[in-house]
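One file, query-v3.pdb, carrying PDB, C-alpha atoms:
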ATOM      1  CA  MET A 570      -0.915  12.923   4.035
ATOM      2  CA  ASN A 571       0.160  14.362   0.686
ATOM      3  CA  LYS A 572      -2.792  16.410  -0.595
ATOM      4  CA  ASN A 573      -0.883  18.411  -3.205
ATOM      5  CA  LYS A 574      -2.330  16.219  -5.925
ATOM      6  CA  PHE A 575      -4.863  13.434  -6.073
ATOM      7  CA  TYR A 576      -6.626  11.070  -8.428
ATOM      8  CA  VAL A 577     -10.164   9.746  -7.999
ATOM      9  CA  LEU A 578     -10.645   6.058  -8.757
ATOM     10  CA  HIS A 579     -14.177   4.706  -9.051
ATOM     11  CA  LYS A 580     -14.563   1.750  -6.732
ATOM     12  CA  ASN A 581     -14.848  -1.582  -8.546
ATOM     13  CA  CYS A 582     -14.349  -4.806  -6.611
ATOM     14  CA  PHE A 583     -11.508  -3.233  -4.624
ATOM     15  CA  ASP A 584     -11.087  -3.290  -0.848
ATOM     16  CA  ILE A 585      -7.949  -1.243  -0.266
ATOM     17  CA  CYS A 586      -7.274  -2.307   3.327
ATOM     18  CA  ILE A 587      -7.505  -6.034   2.602
ATOM     19  CA  SER A 588      -5.677  -5.881  -0.734
ATOM     20  CA  LEU A 589      -2.778  -3.854   0.678
ATOM     21  CA  ASP A 590      -2.416  -5.856   3.887
ATOM     22  CA  CYS A 591      -3.081  -9.506   3.041
ATOM     23  CA  GLY A 592       0.492 -10.746   2.669
ATOM     24  CA  GLN A 593       1.203  -9.575  -0.879
ATOM     25  CA  SER A 594       3.269  -6.491  -0.131
ATOM     26  CA  PHE A 595       5.110  -5.478   3.018
ATOM     27  CA  ARG A 596       5.283  -1.703   2.560
ATOM     28  CA  TRP A 597       1.772  -0.551   3.427
ATOM     29  CA  LYS A 598       0.510   0.686   6.784
ATOM     30  CA  LYS A 599      -3.030   1.371   7.910
ATOM     31  CA  THR A 600      -3.448   5.057   8.793
ATOM     32  CA  GLY A 601      -7.176   5.049   9.533
ATOM     33  CA  GLU A 602     -10.230   2.851   9.355
ATOM     34  CA  ASN A 603     -10.388   3.202   5.562
ATOM     35  CA  SER A 604      -6.953   4.529   4.629
ATOM     36  CA  MET A 605      -3.477   3.157   3.881
ATOM     37  CA  HIS A 606      -0.050   4.685   3.287
ATOM     38  CA  GLY A 607       2.763   3.061   1.378
ATOM     39  CA  VAL A 608       5.542   3.300  -1.175
ATOM     40  CA  ALA A 609       5.831   1.580  -4.560
ATOM     41  CA  PHE A 610       7.998   2.293  -7.594
ATOM     42  CA  GLY A 611       9.705   5.083  -5.680
ATOM     43  CA  ARG A 612       6.435   6.938  -5.029
ATOM     44  CA  ALA A 613       4.679   7.487  -1.707
ATOM     45  CA  LEU A 614       0.901   7.227  -1.787
ATOM     46  CA  ASP A 615      -2.050   7.657   0.553
ATOM     47  CA  VAL A 616      -5.092   5.611  -0.447
ATOM     48  CA  VAL A 617      -8.470   6.469   1.087
ATOM     49  CA  ASP A 618     -11.735   4.581   0.612
ATOM     50  CA  GLU A 619     -14.599   7.060   0.569
ATOM     51  CA  GLY A 620     -17.437   4.643  -0.106
ATOM     52  CA  ASP A 621     -18.217   4.724  -3.806
ATOM     53  CA  LYS A 622     -14.776   6.014  -4.752
ATOM     54  CA  ILE A 623     -11.127   5.656  -3.821
ATOM     55  CA  ILE A 624      -8.878   8.712  -3.554
ATOM     56  CA  LEU A 625      -5.186   8.389  -4.388
ATOM     57  CA  TYR A 626      -3.425  11.263  -2.592
ATOM     58  CA  GLY A 627       0.021  11.919  -4.022
ATOM     59  CA  ALA A 628      -0.932  10.843  -7.548
ATOM     60  CA  ASP A 629      -2.148  12.719 -10.589
ATOM     61  CA  GLU A 630      -3.515  11.291 -13.840
ATOM     62  CA  LYS A 631      -0.012  10.721 -15.254
ATOM     63  CA  ASP A 632       1.092   8.817 -12.126
ATOM     64  CA  TYR A 633      -2.101   6.786 -12.261
ATOM     65  CA  GLU A 634      -1.614   5.815 -15.915
ATOM     66  CA  ASN A 635       2.118   5.084 -15.541
ATOM     67  CA  ILE A 636       2.184   3.391 -12.125
ATOM     68  CA  TRP A 637      -0.976   2.861 -10.132
ATOM     69  CA  LYS A 638      -3.305   1.551 -12.839
ATOM     70  CA  SER A 639      -1.022  -1.428 -13.351
ATOM     71  CA  TYR A 640      -0.097  -1.722  -9.669
ATOM     72  CA  PHE A 641      -3.751  -2.104  -8.639
ATOM     73  CA  ASP A 642      -4.497  -4.332 -11.649
ATOM     74  CA  ILE A 643      -7.341  -2.033 -12.673
ATOM     75  CA  ASP A 644      -7.821  -3.401 -16.196
ATOM     76  CA  ARG A 645      -8.630  -6.920 -14.979
ATOM     77  CA  ASP A 646     -12.330  -7.713 -14.521
ATOM     78  CA  TYR A 647     -12.417  -8.988 -10.936
ATOM     79  CA  THR A 648     -16.201  -8.834 -10.854
ATOM     80  CA  GLU A 649     -16.359 -11.483 -13.578
ATOM     81  CA  ILE A 650     -13.616 -13.562 -11.946
ATOM     82  CA  CYS A 651     -15.404 -13.532  -8.584
ATOM     83  CA  LYS A 652     -18.661 -14.454 -10.290
ATOM     84  CA  LYS A 653     -16.959 -17.655 -11.455
ATOM     85  CA  PHE A 654     -15.570 -18.285  -7.962
ATOM     86  CA  LEU A 655     -19.103 -18.178  -6.548
ATOM     87  CA  THR A 656     -19.800 -21.525  -8.249
ATOM     88  CA  ASP A 657     -17.508 -23.245  -5.712
ATOM     89  CA  GLU A 658     -18.732 -23.539  -2.113
ATOM     90  CA  SER A 659     -15.485 -22.645  -0.317
ATOM     91  CA  LEU A 660     -14.469 -19.919  -2.732
ATOM     92  CA  LYS A 661     -17.983 -18.482  -2.413
ATOM     93  CA  LYS A 662     -17.466 -18.165   1.359
ATOM     94  CA  ALA A 663     -14.059 -16.546   0.854
ATOM     95  CA  VAL A 664     -15.286 -14.035  -1.739
ATOM     96  CA  GLU A 665     -18.417 -13.117   0.214
ATOM     97  CA  THR A 666     -16.542 -12.767   3.523
ATOM     98  CA  TYR A 667     -13.618 -10.757   2.102
ATOM     99  CA  PRO A 668     -14.760  -9.152  -1.181
ATOM    100  CA  GLY A 669     -12.503  -6.843  -3.106
ATOM    101  CA  ILE A 670      -9.079  -8.513  -2.968
ATOM    102  CA  ARG A 671      -6.911  -7.572  -5.927
ATOM    103  CA  ILE A 672      -3.477  -8.886  -6.860
ATOM    104  CA  LEU A 673      -0.904  -6.088  -6.724
ATOM    105  CA  ARG A 674       1.463  -5.858  -9.699
ATOM    106  CA  GLN A 675       4.631  -4.908  -7.841
ATOM    107  CA  ASP A 676       8.136  -4.117  -9.021
ATOM    108  CA  SER A 677       9.683  -7.464  -9.996
ATOM    109  CA  TRP A 678      12.931  -6.970  -8.076
ATOM    110  CA  GLU A 679      11.144  -5.744  -4.943
ATOM    111  CA  ALA A 680       8.772  -8.732  -5.009
ATOM    112  CA  LEU A 681      11.641 -11.182  -5.473
ATOM    113  CA  CYS A 682      13.710  -9.665  -2.663
ATOM    114  CA  SER A 683      10.701  -9.369  -0.331
ATOM    115  CA  PHE A 684       9.704 -12.998  -0.730
ATOM    116  CA  ILE A 685      13.274 -14.170  -0.219
ATOM    117  CA  ILE A 686      13.079 -12.284   3.084
ATOM    118  CA  SER A 687       9.691 -13.911   3.805
ATOM    119  CA  GLN A 688      11.142 -17.421   4.077
ATOM    120  CA  ASN A 689      10.466 -19.009   7.488
ATOM    121  CA  ASN A 690       9.317 -15.634   8.731
ATOM    122  CA  ASN A 691       6.162 -13.901   9.981
ATOM    123  CA  ILE A 692       4.610 -10.789   8.450
ATOM    124  CA  PRO A 693       5.567  -8.260  11.198
ATOM    125  CA  ARG A 694       9.202  -9.394  11.037
ATOM    126  CA  ILE A 695       9.223  -9.375   7.227
ATOM    127  CA  LYS A 696       7.899  -5.798   7.291
ATOM    128  CA  GLY A 697      10.618  -4.810   9.761
ATOM    129  CA  ILE A 698      13.441  -6.244   7.631
ATOM    130  CA  VAL A 699      12.069  -4.671   4.442
ATOM    131  CA  GLU A 700      11.685  -1.307   6.205
ATOM    132  CA  ARG A 701      15.274  -1.425   7.496
ATOM    133  CA  LEU A 702      16.515  -2.358   4.014
ATOM    134  CA  CYS A 703      14.762   0.662   2.500
ATOM    135  CA  GLU A 704      15.863   3.054   5.249
ATOM    136  CA  THR A 705      19.471   1.850   4.916
ATOM    137  CA  LEU A 706      19.868   1.765   1.139
ATOM    138  CA  GLY A 707      16.816   3.400  -0.462
ATOM    139  CA  ASP A 708      16.431   6.991  -1.608
ATOM    140  CA  ASP A 709      14.944   9.386   0.946
ATOM    141  CA  LEU A 710      11.547  10.469  -0.401
ATOM    142  CA  GLY A 711      10.797  12.728   2.564
ATOM    143  CA  ASN A 712       8.304  12.373   5.414
ATOM    144  CA  GLY A 713       9.928   9.141   6.580
ATOM    145  CA  ASP A 714       9.449   7.346   3.256
ATOM    146  CA  TYR A 715      12.193   5.540   1.343
ATOM    147  CA  SER A 716      12.329   3.845  -2.036
ATOM    148  CA  PHE A 717      13.191   0.168  -2.398
ATOM    149  CA  PRO A 718      16.935  -0.100  -3.200
ATOM    150  CA  SER A 719      18.099  -1.371  -6.581
ATOM    151  CA  PRO A 720      20.077  -4.623  -6.959
ATOM    152  CA  GLU A 721      23.159  -2.517  -7.627
ATOM    153  CA  LYS A 722      22.798  -0.642  -4.326
ATOM    154  CA  VAL A 723      22.366  -3.932  -2.469
ATOM    155  CA  LEU A 724      25.510  -5.323  -4.091
ATOM    156  CA  GLU A 725      27.458  -2.174  -3.269
ATOM    157  CA  ALA A 726      26.473  -2.508   0.395
ATOM    158  CA  GLY A 727      27.556  -6.148   0.588
ATOM    159  CA  ALA A 728      27.093  -8.415   3.586
ATOM    160  CA  ASP A 729      28.518  -5.825   5.995
ATOM    161  CA  GLY A 730      26.093  -3.179   4.761
ATOM    162  CA  LEU A 731      23.152  -5.537   5.248
ATOM    163  CA  ALA A 732      24.150  -6.638   8.755
ATOM    164  CA  ASN A 733      21.759  -4.193  10.466
ATOM    165  CA  LEU A 734      18.772  -5.758   8.678
ATOM    166  CA  ARG A 735      18.847  -8.709  11.103
ATOM    167  CA  ALA A 736      17.818 -10.953   8.213
ATOM    168  CA  GLY A 737      20.054 -13.874   9.210
ATOM    169  CA  PHE A 738      20.675 -16.580   6.592
ATOM    170  CA  ARG A 739      18.594 -14.639   4.054
ATOM    171  CA  VAL A 740      21.352 -12.054   3.496
ATOM    172  CA  LYS A 741      23.392 -14.430   1.316
ATOM    173  CA  TYR A 742      20.288 -15.157  -0.759
ATOM    174  CA  ILE A 743      19.498 -11.439  -1.144
ATOM    175  CA  LEU A 744      23.051 -10.795  -2.342
ATOM    176  CA  ASP A 745      22.966 -13.704  -4.787
ATOM    177  CA  ALA A 746      19.627 -12.453  -6.162
ATOM    178  CA  ALA A 747      21.005  -8.921  -6.519
ATOM    179  CA  GLN A 748      24.083 -10.202  -8.369
ATOM    180  CA  LYS A 749      22.130 -12.373 -10.794
ATOM    181  CA  VAL A 750      19.490  -9.744 -11.520
ATOM    182  CA  ALA A 751      22.104  -7.004 -11.951
ATOM    183  CA  ASP A 752      24.276  -9.013 -14.353
ATOM    184  CA  GLY A 753      21.316 -10.450 -16.270
ATOM    185  CA  SER A 754      21.980 -14.091 -15.502
ATOM    186  CA  VAL A 755      18.397 -14.112 -14.217
ATOM    187  CA  ASP A 756      16.532 -12.577 -17.135
ATOM    188  CA  PHE A 757      13.443 -10.605 -16.079
ATOM    189  CA  GLU A 758      12.559  -9.826 -19.705
ATOM    190  CA  LYS A 759      12.495 -13.536 -20.511
ATOM    191  CA  ILE A 760      10.182 -14.147 -17.525
ATOM    192  CA  ASN A 761       7.898 -11.293 -18.574
ATOM    193  CA  ASN A 762       7.602 -12.599 -22.100
ATOM    194  CA  THR A 763       6.833 -16.251 -21.397
ATOM    195  CA  ASP A 764       3.474 -17.824 -20.591
ATOM    196  CA  ASN A 765       5.210 -20.990 -19.442
ATOM    197  CA  LEU A 766       5.096 -20.798 -15.633
ATOM    198  CA  GLU A 767       7.481 -23.709 -15.160
ATOM    199  CA  GLU A 768      10.070 -22.094 -17.430
ATOM    200  CA  ALA A 769       9.653 -18.743 -15.637
ATOM    201  CA  ALA A 770      10.020 -20.387 -12.220
ATOM    202  CA  GLU A 771      13.182 -22.217 -13.305
ATOM    203  CA  GLU A 772      14.711 -18.887 -14.303
ATOM    204  CA  LEU A 773      14.115 -17.532 -10.790
ATOM    205  CA  LYS A 774      15.324 -20.744  -9.157
ATOM    206  CA  LYS A 775      18.815 -20.064 -10.496
ATOM    207  CA  ILE A 776      19.077 -17.878  -7.373
ATOM    208  CA  LYS A 777      20.323 -19.510  -4.178
ATOM    209  CA  GLY A 778      17.505 -20.022  -1.703
ATOM    210  CA  VAL A 779      14.706 -19.545  -4.253
ATOM    211  CA  GLY A 780      12.484 -22.609  -4.366
ATOM    212  CA  ASP A 781       8.993 -23.280  -5.664
ATOM    213  CA  LYS A 782       7.161 -21.038  -3.185
ATOM    214  CA  VAL A 783       9.351 -17.922  -3.526
ATOM    215  CA  ALA A 784       9.400 -18.340  -7.306
ATOM    216  CA  ALA A 785       5.586 -18.624  -7.455
ATOM    217  CA  CYS A 786       5.121 -15.589  -5.178
ATOM    218  CA  THR A 787       7.486 -13.561  -7.341
ATOM    219  CA  LEU A 788       5.696 -14.587 -10.526
ATOM    220  CA  LEU A 789       2.275 -13.781  -9.054
ATOM    221  CA  TYR A 790       3.021 -10.508  -7.277
ATOM    222  CA  GLY A 791       6.009  -9.240  -9.279
ATOM    223  CA  PHE A 792       5.239 -10.333 -12.833
ATOM    224  CA  GLY A 793       1.438 -10.442 -12.925
ATOM    225  CA  LYS A 794       1.324 -14.191 -13.669
ATOM    226  CA  VAL A 795      -2.094 -14.672 -12.076
ATOM    227  CA  ASP A 796      -2.160 -18.434 -12.660
ATOM    228  CA  ALA A 797       0.961 -18.918 -10.508
ATOM    229  CA  LEU A 798       0.042 -20.799  -7.321
ATOM    230  CA  PRO A 799       2.248 -20.166  -4.263
ATOM    231  CA  ILE A 800       1.896 -23.031  -1.790
ATOM    232  CA  ASP A 801       2.803 -22.201   1.800
ATOM    233  CA  VAL A 802       1.632 -23.831   5.033
ATOM    234  CA  TRP A 803      -1.811 -22.206   4.784
ATOM    235  CA  VAL A 804      -2.401 -23.082   1.143
ATOM    236  CA  LYS A 805      -1.138 -26.619   1.706
ATOM    237  CA  ARG A 806      -3.708 -26.933   4.493
ATOM    238  CA  ILE A 807      -6.463 -25.528   2.254
ATOM    239  CA  LEU A 808      -5.629 -27.965  -0.540
ATOM    240  CA  SER A 809      -5.488 -30.886   1.885
ATOM    241  CA  GLU A 810      -8.766 -30.036   3.628
ATOM    242  CA  LEU A 811     -10.855 -28.709   0.740
ATOM    243  CA  TYR A 812      -9.242 -29.567  -2.581
ATOM    244  CA  PRO A 813      -7.276 -32.837  -2.366
ATOM    245  CA  ASP A 814      -7.605 -33.187  -6.157
ATOM    246  CA  GLY A 815      -6.512 -29.602  -6.830
ATOM    247  CA  LEU A 816      -8.324 -26.280  -7.158
ATOM    248  CA  PRO A 817     -11.689 -26.377  -8.988
ATOM    249  CA  GLU A 818     -12.136 -25.733 -12.695
ATOM    250  CA  CYS A 819     -13.498 -22.213 -12.073
ATOM    251  CA  THR A 820      -9.974 -21.123 -11.028
ATOM    252  CA  ASN A 821      -8.273 -22.135 -14.283
ATOM    253  CA  GLY A 822      -6.099 -19.285 -15.528
ATOM    254  CA  VAL A 823      -6.446 -17.332 -12.270
ATOM    255  CA  LYS A 824      -5.291 -19.804  -9.607
ATOM    256  CA  GLY A 825      -3.171 -17.127  -7.935
ATOM    257  CA  ILE A 826      -6.186 -14.869  -7.424
ATOM    258  CA  ALA A 827      -8.234 -17.785  -6.034
ATOM    259  CA  GLN A 828      -5.357 -18.651  -3.714
ATOM    260  CA  GLN A 829      -5.266 -15.114  -2.315
ATOM    261  CA  TYR A 830      -8.970 -15.202  -1.435
ATOM    262  CA  LEU A 831      -8.705 -18.670   0.121
ATOM    263  CA  PHE A 832      -5.481 -17.827   1.979
ATOM    264  CA  HIS A 833      -6.906 -14.682   3.567
ATOM    265  CA  TRP A 834     -10.225 -16.354   4.442
ATOM    266  CA  ARG A 835      -8.693 -19.530   5.903
ATOM    267  CA  ARG A 836      -6.041 -17.677   7.908
ATOM    268  CA  ASN A 837      -8.633 -15.371   9.446
ATOM    269  CA  ILE A 838     -10.906 -18.273  10.415
ATOM    270  CA  ASP A 839      -8.112 -19.651  12.606
ATOM    271  CA  GLU A 840      -7.373 -16.241  14.118
ATOM    272  CA  GLN A 841     -11.001 -15.556  15.122
TER     273      GLN A 841
END
Can you turn what I pasted into structure tokens?
Amino acid sequence: MNKNKFYVLHKNCFDICISLDCGQSFRWKKTGENSMHGVAFGRALDVVDEGDKIILYGADEKDYENIWKSYFDIDRDYTEICKKFLTDESLKKAVETYPGIRILRQDSWEALCSFIISQNNNIPRIKGIVERLCETLGDDLGNGDYSFPSPEKVLEAGADGLANLRAGFRVKYILDAAQKVADGSVDFEKINNTDNLEEAAEELKKIKGVGDKVAACTLLYGFGKVDALPIDVWVKRILSELYPDGLPECTNGVKGIAQQYLFHWRRNIDEQ
């Protein structure tokens, strides 16, 4: 654990272990009962829950302001959002069973590439492919940590350089995404600046292999569009069983956050 510098974050509706390991990001590992280690934006971080506060080891105030404050979505009032969710019976169960889920605001390219890899895949395998991608093409940060490679590095490696990822059919989609992001034919600035989710999704769907689900995941986790609603097998089941007419009114504007609570709750019910 990097203890050379640290930042203390007062705990506020934030469960680090659930938030960092509930299918949003694939670069975090549990290192103890209340601690996680991961890499984001080229920085390694140890996060430790100490009850009434969270310690970020490997971050100082500048790192917190420039990276982690946005990454952990600190400025959003999750307490107020969850208060609204409590008015719906199923969301109430999800929030009370797994309180403290936050949506991570990840690097846009990393989120896009990760969710391309996630197609028809399970979380352990996704994590393995992402780890091999970083070890192969990312910058060595020391202590076994690697940054997520840029689109340009992925393009430079080509199909042969990605062969050891064991990503199968997804390699051609990763390369197409890297090409279109690198040359600007998929415009991240345009996506960032629009509130029109359909327009933003269509921009991402210019990439081969990117459909509604991958686009919605990228918008939610990589662009902070918290009303984006990724629909996978679990969410489709939730909507069919609990919300055949769509998510309740209390989720308007934050459907992606509601989805994350329901997804984690419903998935864990089946695994118990």
Find the residues around segment 625-629 of chain A up to 10 Å (all atoms listed in the file counted), leave out those fewer than 5 positions away in its own chain, and share them as number ranges by chain. A: 570-578, 604-606, 612-618, 634, 636-637
Looking at only C-alpha atoms, which of A:Gln829, A:Asn837, A:Ser594, A:Ser719 is the one that sits closest to Ser687 of chain A?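 With only C-alpha atoms as the atom set, the closest residue is A:Ser594.
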Pick out the residues sitting within 12 Å of Glu658 of chain A, and hand them over as an MDAnalysis selection string; count only C-alpha atoms, and ignore anything fewer than 2 positions along from it in its own chain. chainID A and resid 653:656 660:665 811:812 816:817 819 831
May I have the protein, DNA and RNA residues with an atom at most 12 Å from (-8.3, -28.8, -6.6), counting only C-alpha atoms in the file's coordinates, returned as a ChimeraX atom specification? /A:657,659-660,798,804-805,807-821,824,827-828
The distance between atom CA of Asp781 of chain A and atom CA of Gly592 of chain A is 17.3 Å
How close does each residue of segment 620-732 of chain A get to segment 784-793 of chain A, giving the shortest atom pair and distance in Å to one decimal for every residue with an atom at most 10 Å away, counting only C-alpha atoms, sorted by chain and residue number, as a tab-separated table?
residue	atom	partner	partner_atom	distance
A:Ser639	CA	A:Gly793	CA	9.4
A:Tyr640	CA	A:Gly793	CA	9.4
A:Asp642	CA	A:Gly793	CA	8.6
A:Ile672	CA	A:Tyr790	CA	6.7
A:Leu673	CA	A:Tyr790	CA	5.9
A:Arg674	CA	A:Tyr790	CA	5.5
A:Gln675	CA	A:Gly791	CA	4.8
A:Asp676	CA	A:Gly791	CA	5.6
A:Ser677	CA	A:Gly791	CA	4.1
A:Trp678	CA	A:Gly791	CA	7.4
A:Glu679	CA	A:Gly791	CA	7.6
A:Ala680	CA	A:Gly791	CA	5.1
A:Leu681	CA	A:Thr787	CA	5.1
A:Cys682	CA	A:Thr787	CA	8.7
A:Ser683	CA	A:Thr787	CA	8.8
A:Phe684	CA	A:Cys786	CA	6.9
A:Ile685	CA	A:Ala784	CA	9.1
In Å, rounded to a single decimal, give me how far atom CA of Phe832 of chain A is from atom CA of Asn689 of chain A.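 It comes out at 16.9 Å.
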For segment 731-737 of chain A: contacts at 12 Å, only C-alpha atoms, fewer than 6 positions along chain excluded, given as JSON, numbers by chain: {"A": [682, 683, 685, 686, 687, 688, 689, 690, 694, 695, 696, 697, 698, 699, 700, 701, 702, 703, 704, 705, 706, 718, 722, 723, 724, 725, 743, 744]}
Keeping only C-alpha atoms, write the selected residues as a JSON list (two decimals), in the frame of the given file.
[["chain", "number", "residue", "atom", "x", "y", "z"],
["A", 682, "CYS", "CA", 13.71, -9.66, -2.66],
["A", 683, "SER", "CA", 10.70, -9.37, -0.33],
["A", 685, "ILE", "CA", 13.27, -14.17, -0.22],
["A", 686, "ILE", "CA", 13.08, -12.28, 3.08],
["A", 687, "SER", "CA", 9.69, -13.91, 3.80],
["A", 688, "GLN", "CA", 11.14, -17.42, 4.08],
["A", 689, "ASN", "CA", 10.47, -19.01, 7.49],
["A", 690, "ASN", "CA", 9.32, -15.63, 8.73],
["A", 694, "ARG", "CA", 9.20, -9.39, 11.04],
["A", 695, "ILE", "CA", 9.22, -9.38, 7.23],
["A", 696, "LYS", "CA", 7.90, -5.80, 7.29],
["A", 697, "GLY", "CA", 10.62, -4.81, 9.76],
["A", 698, "ILE", "CA", 13.44, -6.24, 7.63],
["A", 699, "VAL", "CA", 12.07, -4.67, 4.44],
["A", 700, "GLU", "CA", 11.68, -1.31, 6.20],
["A", 701, "ARG", "CA", 15.27, -1.42, 7.50],
["A", 702, "LEU", "CA", 16.52, -2.36, 4.01],
["A", 703, "CYS", "CA", 14.76, 0.66, 2.50],
["A", 704, "GLU", "CA", 15.86, 3.05, 5.25],
["A", 705, "THR", "CA", 19.47, 1.85, 4.92],
["A", 706, "LEU", "CA", 19.87, 1.76, 1.14],
["A", 718, "PRO", "CA", 16.93, -0.10, -3.20],
["A", 722, "LYS", "CA", 22.80, -0.64, -4.33],
["A", 723, "VAL", "CA", 22.37, -3.93, -2.47],
["A", 724, "LEU", "CA", 25.51, -5.32, -4.09],
["A", 725, "GLU", "CA", 27.46, -2.17, -3.27],
["A", 743, "ILE", "CA", 19.50, -11.44, -1.14],
["A", 744, "LEU", "CA", 23.05, -10.80, -2.34]]
Ground truth for the PyMOL selection byres ((chain A and resi 770) around 9), written as a PDB file with C-alpha atoms, keeping the file's coordinate frame:
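And here's selection-v7.pdb as it stands now:
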ATOM      1  CA  ILE A 760      10.182 -14.147 -17.525  1.00  0.00           C
ATOM      2  CA  ASN A 765       5.210 -20.990 -19.442  1.00  0.00           C
ATOM      3  CA  LEU A 766       5.096 -20.798 -15.633  1.00  0.00           C
ATOM      4  CA  GLU A 767       7.481 -23.709 -15.160  1.00  0.00           C
ATOM      5  CA  GLU A 768      10.070 -22.094 -17.430  1.00  0.00           C
ATOM      6  CA  ALA A 769       9.653 -18.743 -15.637  1.00  0.00           C
ATOM      7  CA  GLU A 771      13.182 -22.217 -13.305  1.00  0.00           C
ATOM      8  CA  GLU A 772      14.711 -18.887 -14.303  1.00  0.00           C
ATOM      9  CA  LEU A 773      14.115 -17.532 -10.790  1.00  0.00           C
ATOM     10  CA  LYS A 774      15.324 -20.744  -9.157  1.00  0.00           C
ATOM     11  CA  LYS A 775      18.815 -20.064 -10.496  1.00  0.00           C
ATOM     12  CA  GLY A 780      12.484 -22.609  -4.366  1.00  0.00           C
ATOM     13  CA  ASP A 781       8.993 -23.280  -5.664  1.00  0.00           C
ATOM     14  CA  ALA A 784       9.400 -18.340  -7.306  1.00  0.00           C
ATOM     15  CA  ALA A 785       5.586 -18.624  -7.455  1.00  0.00           C
ATOM     16  CA  THR A 787       7.486 -13.561  -7.341  1.00  0.00           C
ATOM     17  CA  LEU A 788       5.696 -14.587 -10.526  1.00  0.00           C
TER      18      LEU A 788
END
Atom pair atom CA of Trp597 of chain A / atom CA of Asp714 of chain A: separation (Å):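 Computing it gives 11.0 Å between the two atoms.
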Around the point (10.9, 5.7, 1.6) in the file's coordinates, collect all residues with an atom within 9 Å, using all atoms listed in the file, and return them as a list in words.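 The residues that fall inside the cut-off are Gly607, Val608, Ala609, Gly611, Arg612, Ala613, Glu700, Cys703, Glu704, Gly707, Asp708, Asp709, Leu710, Gly711, Asn712, Gly713, Asp714, Tyr715, Ser716 and Phe717 of chain A.
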Can I get segment 575-579 of chain A with all heavy atoms filled in, as an mmCIF file, in the coordinates of the input?
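File produced: rebuild36.cif:
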data_model
loop_
_atom_site.group_PDB
_atom_site.id
_atom_site.type_symbol
_atom_site.label_atom_id
_atom_site.label_comp_id
_atom_site.auth_asym_id
_atom_site.auth_seq_id
_atom_site.Cartn_x
_atom_site.Cartn_y
_atom_site.Cartn_z
ATOM 1 N N PHE A 575 -4.107 14.646 -6.347
ATOM 2 C CA PHE A 575 -4.863 13.434 -6.073
ATOM 3 C C PHE A 575 -5.573 12.957 -7.327
ATOM 4 O O PHE A 575 -5.786 13.716 -8.283
ATOM 5 C CB PHE A 575 -5.865 13.648 -4.937
ATOM 6 C CG PHE A 575 -6.956 14.637 -5.261
ATOM 7 C CD1 PHE A 575 -8.156 14.222 -5.814
ATOM 8 C CD2 PHE A 575 -6.774 15.986 -4.999
ATOM 9 C CE1 PHE A 575 -9.155 15.127 -6.112
ATOM 10 C CE2 PHE A 575 -7.775 16.898 -5.285
ATOM 11 C CZ PHE A 575 -8.974 16.473 -5.844
ATOM 12 N N TYR A 576 -5.899 11.677 -7.311
ATOM 13 C CA TYR A 576 -6.626 11.070 -8.428
ATOM 14 C C TYR A 576 -7.802 10.296 -7.848
ATOM 15 O O TYR A 576 -7.643 9.580 -6.850
ATOM 16 C CB TYR A 576 -5.709 10.129 -9.223
ATOM 17 C CG TYR A 576 -6.367 9.546 -10.447
ATOM 18 C CD1 TYR A 576 -6.375 10.242 -11.649
ATOM 19 C CD2 TYR A 576 -7.001 8.309 -10.398
ATOM 20 C CE1 TYR A 576 -7.000 9.731 -12.778
ATOM 21 C CE2 TYR A 576 -7.627 7.785 -11.519
ATOM 22 C CZ TYR A 576 -7.617 8.493 -12.713
ATOM 23 O OH TYR A 576 -8.228 7.977 -13.820
ATOM 24 N N VAL A 577 -8.965 10.431 -8.468
ATOM 25 C CA VAL A 577 -10.164 9.746 -7.999
ATOM 26 C C VAL A 577 -10.366 8.471 -8.815
ATOM 27 O O VAL A 577 -10.401 8.506 -10.046
ATOM 28 C CB VAL A 577 -11.414 10.637 -8.127
ATOM 29 C CG1 VAL A 577 -12.655 9.880 -7.666
ATOM 30 C CG2 VAL A 577 -11.237 11.913 -7.311
ATOM 31 N N LEU A 578 -10.459 7.358 -8.115
ATOM 32 C CA LEU A 578 -10.645 6.058 -8.757
ATOM 33 C C LEU A 578 -12.015 5.534 -8.366
ATOM 34 O O LEU A 578 -12.336 5.427 -7.190
ATOM 35 C CB LEU A 578 -9.548 5.096 -8.257
ATOM 36 C CG LEU A 578 -9.561 3.668 -8.745
ATOM 37 C CD1 LEU A 578 -9.352 3.604 -10.247
ATOM 38 C CD2 LEU A 578 -8.459 2.874 -8.037
ATOM 39 N N HIS A 579 -12.853 5.248 -9.353
ATOM 40 C CA HIS A 579 -14.177 4.706 -9.051
ATOM 41 C C HIS A 579 -14.035 3.286 -8.515
ATOM 42 O O HIS A 579 -13.323 2.470 -9.085
ATOM 43 C CB HIS A 579 -15.081 4.746 -10.279
ATOM 44 C CG HIS A 579 -15.444 6.135 -10.674
ATOM 45 N ND1 HIS A 579 -16.293 6.921 -9.925
ATOM 46 C CD2 HIS A 579 -15.035 6.905 -11.719
ATOM 47 C CE1 HIS A 579 -16.408 8.106 -10.491
ATOM 48 N NE2 HIS A 579 -15.661 8.125 -11.580
#
